[in-house]
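Content type compact mmCIF, C-alpha atoms, from the file run_39.txt:
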```
# COMPACT_ATOMS: atom_id res chain seq x y z
CA MET I 1168 103.22 90.70 95.14
CA SER I 1169 102.59 93.78 93.04
CA ALA I 1170 100.27 96.59 94.04
CA LEU I 1171 96.68 96.72 92.81
CA ASP I 1172 96.36 98.41 89.45
CA THR I 1173 94.47 101.64 90.15
CA THR I 1174 94.71 103.06 86.63
CA LEU I 1175 90.95 103.02 86.07
CA ILE I 1176 89.78 104.18 89.47
CA ALA I 1177 92.39 106.90 89.99
CA ASP I 1178 90.74 108.93 87.24
CA PRO I 1179 88.95 111.95 88.79
CA ALA I 1180 86.18 111.67 86.19
CA GLN I 1181 85.60 108.08 87.23
CA ILE I 1182 85.41 109.05 90.91
CA LEU I 1183 83.05 111.91 90.10
CA GLY I 1184 80.84 109.57 88.09
CA VAL I 1185 80.62 107.03 90.91
CA ALA I 1186 79.88 109.75 93.47
CA GLN I 1187 77.18 111.23 91.24
CA ASP I 1188 75.55 107.82 90.90
CA VAL I 1189 75.61 107.31 94.66
CA PHE I 1190 74.17 110.72 95.51
CA ALA I 1191 71.58 110.58 92.73
CA ALA I 1192 70.30 107.14 93.71
CA LEU I 1193 70.42 107.34 97.48
CA ILE I 1194 70.05 111.01 98.29
CA ASP I 1195 69.00 113.45 95.66
CA ASP I 1196 66.98 111.71 93.04
CA GLY I 1197 69.00 113.36 90.32
CA GLU I 1198 70.77 116.36 91.81
CA VAL I 1199 74.24 116.66 90.32
CA LEU I 1200 77.51 117.07 92.14
CA VAL I 1201 79.71 119.81 90.80
CA HIS I 1202 83.44 119.47 90.71
CA GLU I 1203 84.91 122.40 92.66
CA GLY I 1204 88.40 122.07 91.28
CA VAL I 1205 90.56 122.46 94.36
CA ALA I 1206 90.34 120.40 97.55
CA PRO I 1207 90.55 122.30 100.83
CA GLU I 1208 93.86 121.72 102.59
CA SER I 1209 92.12 120.85 105.82
CA PHE I 1210 88.76 120.92 107.57
CA ASP I 1211 88.02 122.71 110.84
CA VAL I 1212 85.96 119.86 112.31
CA PRO I 1213 86.53 116.95 109.95
CA VAL I 1214 84.66 113.69 109.58
CA THR I 1215 86.36 110.95 107.61
CA ALA I 1216 84.89 107.66 106.41
CA TRP I 1217 86.97 105.04 104.67
CA VAL I 1218 86.97 101.51 103.31
CA ASP I 1219 89.96 99.49 102.14
CA MET I 1220 90.27 97.17 99.17
CA LEU I 1221 92.62 94.38 100.13
CA ARG I 1222 94.00 91.29 98.45
CA ALA I 1223 94.38 88.18 100.55
CA ASP I 1224 97.79 87.38 99.07
CA SER I 1225 99.35 90.82 99.22
CA PRO I 1226 100.14 93.51 101.76
CA HIS I 1227 99.14 96.13 99.18
CA GLY I 1228 95.71 97.67 99.13
CA VAL I 1229 93.73 100.74 98.17
CA ARG I 1230 91.83 103.00 100.54
CA THR I 1231 88.80 105.06 99.51
CA MET I 1232 88.29 108.00 101.83
CA VAL I 1233 85.44 110.52 102.04
CA ARG I 1234 86.07 113.67 104.07
CA ALA I 1235 83.93 116.65 104.96
CA GLU I 1236 83.25 119.23 107.62
CA GLU I 1237 81.15 117.62 110.32
CA ALA I 1238 78.32 120.11 109.73
CA ASP I 1239 78.27 119.19 106.03
CA ALA I 1240 78.36 115.49 106.85
CA HIS I 1241 75.29 116.12 109.02
CA LEU I 1242 73.53 117.63 105.99
CA VAL I 1243 74.15 114.56 103.87
CA VAL I 1244 73.14 112.23 106.70
CA ARG I 1245 69.85 114.12 107.15
CA ALA I 1246 69.18 113.83 103.43
CA LEU I 1247 70.06 110.14 103.35
CA LEU I 1248 67.87 109.34 106.35
CA ARG I 1249 65.06 111.66 105.22
CA MET I 1250 65.37 113.66 108.46
CA GLU I 1251 63.97 117.14 109.04
CA PRO I 1252 66.38 120.00 108.16
CA ASP I 1253 66.83 121.01 111.81
CA GLU I 1254 66.74 117.52 113.29
CA PRO I 1255 69.90 116.79 115.29
CA VAL I 1256 72.16 114.08 113.90
CA GLY I 1257 73.33 111.62 116.53
CA GLU I 1258 76.80 110.11 116.54
CA GLU I 1259 75.42 106.67 115.69
CA ASP I 1260 73.55 107.96 112.63
CA LEU I 1261 76.60 109.94 111.50
CA VAL I 1262 78.90 106.93 111.73
CA ASP I 1263 76.44 104.57 110.08
CA ALA I 1264 75.22 106.79 107.23
CA PHE I 1265 78.49 108.55 106.38
CA GLY I 1266 80.25 105.18 106.58
CA GLU I 1267 77.72 103.71 104.16
CA ILE I 1268 78.48 106.44 101.64
CA ALA I 1269 82.17 105.50 101.77
CA ASN I 1270 81.16 101.85 101.51
CA VAL I 1271 79.05 102.33 98.39
CA VAL I 1272 81.57 104.66 96.71
CA GLY I 1273 84.46 102.33 97.58
CA GLY I 1274 82.55 99.23 96.51
CA ASN I 1275 81.72 100.70 93.13
CA LEU I 1276 85.31 101.79 92.58
CA LYS I 1277 86.49 98.31 93.59
CA SER I 1278 84.41 96.78 90.84
CA LEU I 1279 86.55 98.74 88.36
CA LEU I 1280 89.77 97.10 89.54
CA PRO I 1281 91.14 94.56 87.07
CA GLU I 1282 91.58 91.96 89.82
CA HIS I 1283 89.57 90.82 92.81
CA ALA I 1284 90.00 92.49 96.19
CA GLU I 1285 88.05 92.22 99.42
CA LEU I 1286 86.29 95.30 100.74
CA THR I 1287 86.62 96.03 104.44
CA LEU I 1288 83.74 97.32 106.54
CA PRO I 1289 83.61 101.13 106.69
CA THR I 1290 85.28 103.05 109.50
CA VAL I 1291 84.41 106.60 110.53
CA ALA I 1292 86.54 108.95 112.62
CA ALA I 1293 87.62 112.57 112.69
CA GLU I 1294 90.96 111.68 111.13
CA PRO I 1295 92.11 108.50 109.38
CA PRO I 1296 94.96 106.52 110.95
CA VAL I 1297 98.42 107.51 109.73
CA LEU I 1298 100.03 104.38 108.37
CA GLY I 1299 103.28 106.02 107.39
CA ARG I 1300 103.65 104.46 103.97
CA GLU I 1301 100.37 105.32 102.27
CA MET I 1302 100.44 107.32 99.06
CA MET I 1303 97.59 109.36 97.61
CA VAL I 1304 96.85 108.42 94.01
CA ALA I 1305 93.79 110.58 93.38
CA GLN I 1306 91.75 113.27 95.04
CA THR I 1307 88.45 114.67 93.83
CA PRO I 1308 86.71 117.57 95.57
CA LEU I 1309 82.97 117.58 95.05
CA GLU I 1310 80.26 120.05 95.80
CA TRP I 1311 76.79 119.05 96.92
CA ARG I 1312 74.24 121.72 97.87
CA GLY I 1313 77.12 124.13 98.53
CA SER I 1314 79.00 121.76 100.81
CA CYS I 1315 82.41 120.36 99.95
CA PHE I 1316 83.18 116.64 100.10
CA VAL I 1317 86.57 115.25 99.19
CA ILE I 1318 86.97 111.73 97.91
CA SER I 1319 90.52 110.46 97.81
CA LEU I 1320 92.20 107.20 96.92
CA TRP I 1321 95.29 105.99 98.69
CA MET I 1322 97.67 103.22 97.84
CA LEU I 1323 98.45 101.25 101.02
CA VAL I 1324 101.98 99.88 100.76
CA MET H 579 54.06 89.15 102.21
CA LYS H 580 56.97 89.23 104.57
CA ALA H 581 60.56 90.24 103.75
CA LEU H 582 63.77 90.04 105.75
CA VAL H 583 66.27 92.85 105.14
CA ILE H 584 69.84 91.94 106.13
CA ASP H 585 72.47 94.67 106.26
CA ASP H 586 74.93 95.81 108.91
CA SER H 587 74.16 99.42 107.99
CA ARG H 588 71.03 100.72 109.72
CA THR H 589 70.90 103.40 107.05
CA MET H 590 70.71 100.87 104.24
CA ARG H 591 68.22 98.69 106.14
CA ARG H 592 66.05 101.76 106.56
CA ILE H 593 66.20 102.59 102.84
CA VAL H 594 65.46 99.05 101.63
CA SER H 595 62.76 98.50 104.27
CA SER H 596 61.08 101.77 103.38
CA VAL H 597 60.80 100.78 99.71
CA LEU H 598 59.49 97.32 100.59
CA ARG H 599 56.92 98.69 103.05
CA GLY H 600 55.81 101.15 100.38
CA LEU H 601 55.16 98.16 98.12
CA GLY H 602 53.06 96.49 100.77
CA TYR H 603 55.56 94.20 102.45
CA GLU H 604 55.75 93.44 106.14
CA VAL H 605 59.46 93.83 106.92
CA ILE H 606 61.75 92.41 109.57
CA GLU H 607 65.44 93.32 109.80
CA ALA H 608 68.75 91.73 110.78
CA GLY H 609 72.24 93.23 111.12
CA ASP H 610 74.25 90.22 109.94
CA GLY H 611 73.86 86.72 108.52
CA GLN H 612 73.69 84.96 111.87
CA GLU H 613 71.04 87.34 113.16
CA ALA H 614 69.15 86.70 109.93
CA LEU H 615 69.28 82.92 110.37
CA ASP H 616 67.92 83.38 113.88
CA ALA H 617 65.18 85.67 112.52
CA LEU H 618 64.21 83.12 109.86
CA GLN H 619 64.06 80.42 112.50
CA ALA H 620 61.79 82.56 114.67
CA SER H 621 59.55 83.95 111.96
CA ASP H 622 57.14 82.18 109.61
CA GLY H 623 56.14 83.35 106.18
CA VAL H 624 59.28 85.12 104.93
CA VAL H 625 59.17 85.01 101.12
CA LEU H 626 62.06 87.34 100.34
CA CYS H 627 65.49 88.11 101.81
CA CYS H 628 67.43 91.19 100.68
CA ILE H 629 71.03 90.46 101.62
CA ASP H 630 74.11 92.64 101.90
CA TRP H 631 77.41 90.88 101.15
CA ASN H 632 79.97 92.41 103.51
CA MET H 633 78.82 92.14 107.10
CA PRO H 634 80.47 91.29 110.40
CA VAL H 635 79.81 87.95 112.17
CA MET H 636 78.40 86.21 109.07
CA ASP H 637 78.59 87.62 105.54
CA GLY H 638 75.81 87.47 102.99
CA LEU H 639 77.34 84.72 100.86
CA THR H 640 77.63 82.40 103.88
CA PHE H 641 74.03 83.22 104.79
CA VAL H 642 72.86 82.26 101.29
CA THR H 643 74.78 78.97 101.48
CA LYS H 644 73.29 78.16 104.89
CA VAL H 645 69.74 78.95 103.80
CA ARG H 646 70.14 76.73 100.75
CA GLU H 647 71.19 73.83 102.99
CA ARG H 648 67.77 73.87 104.65
CA ALA H 649 64.92 72.19 102.75
CA GLU H 650 62.24 74.08 104.69
CA TRP H 651 63.61 77.39 103.38
CA ARG H 652 63.92 76.39 99.72
CA ASP H 653 60.98 78.55 98.64
CA ILE H 654 62.46 81.76 100.03
CA THR H 655 63.74 84.09 97.32
CA LEU H 656 67.23 85.40 98.01
CA MET H 657 68.32 88.71 96.50
CA MET H 658 71.78 90.13 97.08
CA VAL H 659 71.72 93.91 97.58
CA THR H 660 75.36 94.90 97.68
CA THR H 661 78.18 97.08 96.41
CA GLU H 662 79.97 93.94 95.19
CA GLY H 663 79.53 94.53 91.47
CA GLU H 664 82.34 92.40 90.06
CA HIS H 665 81.16 89.78 87.59
CA GLY H 666 82.97 87.04 89.52
CA GLN H 667 81.18 87.97 92.73
CA ILE H 668 77.79 87.96 91.03
CA VAL H 669 78.51 84.49 89.63
CA ARG H 670 79.58 83.27 93.09
CA ALA H 671 76.37 84.52 94.68
CA LEU H 672 74.13 83.02 92.01
CA ALA H 673 76.02 79.73 92.17
CA ALA H 674 75.53 79.66 95.94
CA GLY H 675 71.78 79.96 95.47
CA ALA H 676 70.88 83.64 95.24
CA HIS H 677 68.09 84.34 92.73
CA GLU H 678 68.76 87.99 91.96
CA TYR H 679 71.41 90.62 92.37
CA LEU H 680 70.96 94.36 92.91
CA ILE H 681 74.01 96.58 93.05
CA LYS H 682 74.15 99.58 95.39
CA PRO H 683 73.44 102.38 94.78
CA PHE H 684 69.97 101.59 93.47
CA THR H 685 66.78 103.56 93.02
CA PRO H 686 63.44 102.47 94.49
CA ASP H 687 62.29 101.74 90.94
CA ALA H 688 65.25 99.39 90.38
CA LEU H 689 64.30 97.39 93.46
CA ARG H 690 60.67 97.35 92.41
CA ASP H 691 61.61 96.15 88.91
CA LYS H 692 63.66 93.28 90.34
CA LEU H 693 60.71 92.22 92.48
CA GLU H 694 58.39 92.38 89.50
CA LEU H 695 60.82 90.20 87.56
CA LEU H 696 60.75 87.70 90.40
CA GLY H 697 56.95 87.78 90.59
CA LEU H 698 57.20 89.12 94.11
CA LEU H 699 55.23 92.32 93.92
CA PRO H 700 52.25 92.32 96.26
CA VAL H 701 49.10 92.04 94.12
CA GLN H 702 48.03 95.69 94.35
CA GLU H 703 51.46 96.81 93.10
CA VAL H 704 51.58 94.81 89.85
CA ARG H 705 51.45 97.21 86.91
```

Kindly present the structure from the file in structure tokens form.
Amino acid sequence: MSALDTTLIADPAQILGVAQDVFAALIDDGEVLVHEGVAPESFDVPVTAWVDMLRADSPHGVRTMVRAEEADAHLVVRALLRMEPDEPVGEEDLVDAFGEIANVVGGNLKSLLPEHAELTLPTVAAEPPVLGREMMVAQTPLEWRGSCFVISLWMLV
Amino acid sequence: MKALVIDDSRTMRRIVSSVLRGLGYEVIEAGDGQEALDALQASDGVVLCCIDWNMPVMDGLTFVTKVRERAEWRDITLMMVTTEGEHGQIVRALAAGAHEYLIKPFTPDALRDKLELLGLLPVQEVR
């Protein structure tokens, strides 16, 4: 079977648009994400959330990944959960809320695929698993309230 | 009026429940379709279910199908609240018995408008 056609979703403008919709609706009530231009090569204390788009009849799939410094992920979780600015973010809240951001971003990108794929439940960890044969097809660094978030798409082959 | 919010994400349950409570609903929550069936069984007076699609144990589409098999639950309004925005998925959900479909991300106003469309706004909230 051939790989999923990612032509539409691998467009950085498309990814930015989806991320802006997600942040505007769920977090900021209109605040805009600014494209920073260059993605950081690595994070000191990373948090990564991802969902996969898979076809039942094919080993190929597409992964949507959201990465940030843990401290910045805490900022977005506090905003999402309407927490106080200095309220500590527990591990459970971090995994649930940051995972939901990847879920909503990935789900909206999936709807742009020309064919049906199933969306996996979100997974959150410091680093994503290394599969060995994945290939990045797009990466979009975003800025939100001075914090950097990187959304990337990976072809799973 | 009582609503059941079904989502495996506590974050999303919190967001949806908060909007519904703000509109005057009493809200109960479930983390998957099976938990939701158990909650419906144990709770009288639910008029609305807001249902995520992708959940562990039992997904939202299966939940809709199972609710529609039960005559005593035929008056409950089922609204999918999900990231599944493909046309084919929307058609599947409506064919299975869902009444409305709200795609994440959504604003509180979008949820309110859907409820108004369904005639499910508590009386004091009707514009």

For Gly663 of chain H, list every protein, DNA or RNA residue within 7 Å, evaluated using all atoms listed in the file, and leave out those in the same chain fewer than 4 positions away; present the list as a PyMOL selection string. (chain I and resi 1275+1278) or (chain H and resi 667-668+681)

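The residue that comes closest to Met633 of chain H, out of H:Arg646, H:Arg588, H:Arg599, H:Arg652 and on the basis of only C-alpha atoms, is H:Arg588.
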
In Å to one decimal, how far is atom CA of Glu1236 of chain I from atom CA of Ser1314 of chain I?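 Between atom CA of Ser1314 of chain I and atom CA of Glu1236 of chain I the gap works out to 8.4 Å.
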
Would you give the centre and edge lengths, in Å to one decimal, of a box along x, y and z around the listed atoms of segment 650-662 of chain H, with 6 Å added to each side, as AutoDock Vina command-line options?
```
--center_x 70.5 --center_y 85.6 --center_z 99.9 --size_x 31.0 --size_y 35.0 --size_z 21.5
```

Please report as JSON lines every residue of chain I lying within 10 Å of chain H, along with the nearest atom pair and their distance in Å (one decimal), using only C-alpha atoms.
```
{"residue": "I:Val1185", "atom": "CA", "partner": "H:Pro683", "partner_atom": "CA", "distance": 9.4}
{"residue": "I:Ala1186", "atom": "CA", "partner": "H:Pro683", "partner_atom": "CA", "distance": 9.9}
{"residue": "I:Asp1188", "atom": "CA", "partner": "H:Pro683", "partner_atom": "CA", "distance": 7.0}
{"residue": "I:Val1189", "atom": "CA", "partner": "H:Pro683", "partner_atom": "CA", "distance": 5.4}
{"residue": "I:Phe1190", "atom": "CA", "partner": "H:Pro683", "partner_atom": "CA", "distance": 8.4}
{"residue": "I:Ala1191", "atom": "CA", "partner": "H:Thr685", "partner_atom": "CA", "distance": 8.5}
{"residue": "I:Ala1192", "atom": "CA", "partner": "H:Thr685", "partner_atom": "CA", "distance": 5.1}
{"residue": "I:Leu1193", "atom": "CA", "partner": "H:Pro683", "partner_atom": "CA", "distance": 6.4}
{"residue": "I:Ile1194", "atom": "CA", "partner": "H:Thr685", "partner_atom": "CA", "distance": 9.7}
{"residue": "I:Asp1196", "atom": "CA", "partner": "H:Thr685", "partner_atom": "CA", "distance": 8.2}
{"residue": "I:Val1244", "atom": "CA", "partner": "H:Thr589", "partner_atom": "CA", "distance": 9.1}
{"residue": "I:Leu1247", "atom": "CA", "partner": "H:Thr589", "partner_atom": "CA", "distance": 7.7}
{"residue": "I:Leu1248", "atom": "CA", "partner": "H:Thr589", "partner_atom": "CA", "distance": 6.7}
{"residue": "I:Arg1249", "atom": "CA", "partner": "H:Ile593", "partner_atom": "CA", "distance": 9.4}
{"residue": "I:Glu1259", "atom": "CA", "partner": "H:Arg588", "partner_atom": "CA", "distance": 9.5}
{"residue": "I:Asp1260", "atom": "CA", "partner": "H:Thr589", "partner_atom": "CA", "distance": 7.7}
{"residue": "I:Leu1261", "atom": "CA", "partner": "H:Thr589", "partner_atom": "CA", "distance": 9.8}
{"residue": "I:Val1262", "atom": "CA", "partner": "H:Ser587", "partner_atom": "CA", "distance": 9.6}
{"residue": "I:Asp1263", "atom": "CA", "partner": "H:Ser587", "partner_atom": "CA", "distance": 6.0}
{"residue": "I:Ala1264", "atom": "CA", "partner": "H:Thr589", "partner_atom": "CA", "distance": 5.5}
{"residue": "I:Phe1265", "atom": "CA", "partner": "H:Thr589", "partner_atom": "CA", "distance": 9.2}
{"residue": "I:Gly1266", "atom": "CA", "partner": "H:Ser587", "partner_atom": "CA", "distance": 8.5}
{"residue": "I:Glu1267", "atom": "CA", "partner": "H:Ser587", "partner_atom": "CA", "distance": 6.8}
{"residue": "I:Ile1268", "atom": "CA", "partner": "H:Pro683", "partner_atom": "CA", "distance": 9.4}
{"residue": "I:Asn1270", "atom": "CA", "partner": "H:Thr661", "partner_atom": "CA", "distance": 7.6}
{"residue": "I:Val1271", "atom": "CA", "partner": "H:Thr661", "partner_atom": "CA", "distance": 5.7}
{"residue": "I:Val1272", "atom": "CA", "partner": "H:Thr661", "partner_atom": "CA", "distance": 8.3}
{"residue": "I:Gly1273", "atom": "CA", "partner": "H:Thr661", "partner_atom": "CA", "distance": 8.3}
{"residue": "I:Gly1274", "atom": "CA", "partner": "H:Thr661", "partner_atom": "CA", "distance": 4.9}
{"residue": "I:Asn1275", "atom": "CA", "partner": "H:Thr661", "partner_atom": "CA", "distance": 6.0}
{"residue": "I:Leu1276", "atom": "CA", "partner": "H:Gly663", "partner_atom": "CA", "distance": 9.3}
{"residue": "I:Lys1277", "atom": "CA", "partner": "H:Glu662", "partner_atom": "CA", "distance": 8.0}
{"residue": "I:Ser1278", "atom": "CA", "partner": "H:Glu664", "partner_atom": "CA", "distance": 4.9}
{"residue": "I:Leu1279", "atom": "CA", "partner": "H:Glu664", "partner_atom": "CA", "distance": 7.8}
{"residue": "I:Leu1280", "atom": "CA", "partner": "H:Glu664", "partner_atom": "CA", "distance": 8.8}
{"residue": "I:Pro1281", "atom": "CA", "partner": "H:Glu664", "partner_atom": "CA", "distance": 9.5}
{"residue": "I:Glu1282", "atom": "CA", "partner": "H:Glu664", "partner_atom": "CA", "distance": 9.3}
{"residue": "I:His1283", "atom": "CA", "partner": "H:Glu664", "partner_atom": "CA", "distance": 7.9}
{"residue": "I:Ala1284", "atom": "CA", "partner": "H:Glu664", "partner_atom": "CA", "distance": 9.8}
{"residue": "I:Glu1285", "atom": "CA", "partner": "H:Asn632", "partner_atom": "CA", "distance": 9.1}
{"residue": "I:Leu1286", "atom": "CA", "partner": "H:Asn632", "partner_atom": "CA", "distance": 7.5}
{"residue": "I:Thr1287", "atom": "CA", "partner": "H:Asn632", "partner_atom": "CA", "distance": 7.6}
{"residue": "I:Leu1288", "atom": "CA", "partner": "H:Asn632", "partner_atom": "CA", "distance": 6.9}
{"residue": "I:Pro1289", "atom": "CA", "partner": "H:Ser587", "partner_atom": "CA", "distance": 9.7}
```

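For the choices H:Met657, H:Ala614, H:Leu689, H:Val642, the atom-to-atom distance to Leu598 of chain H is smallest for H:Leu689 when using all atoms listed in the file.
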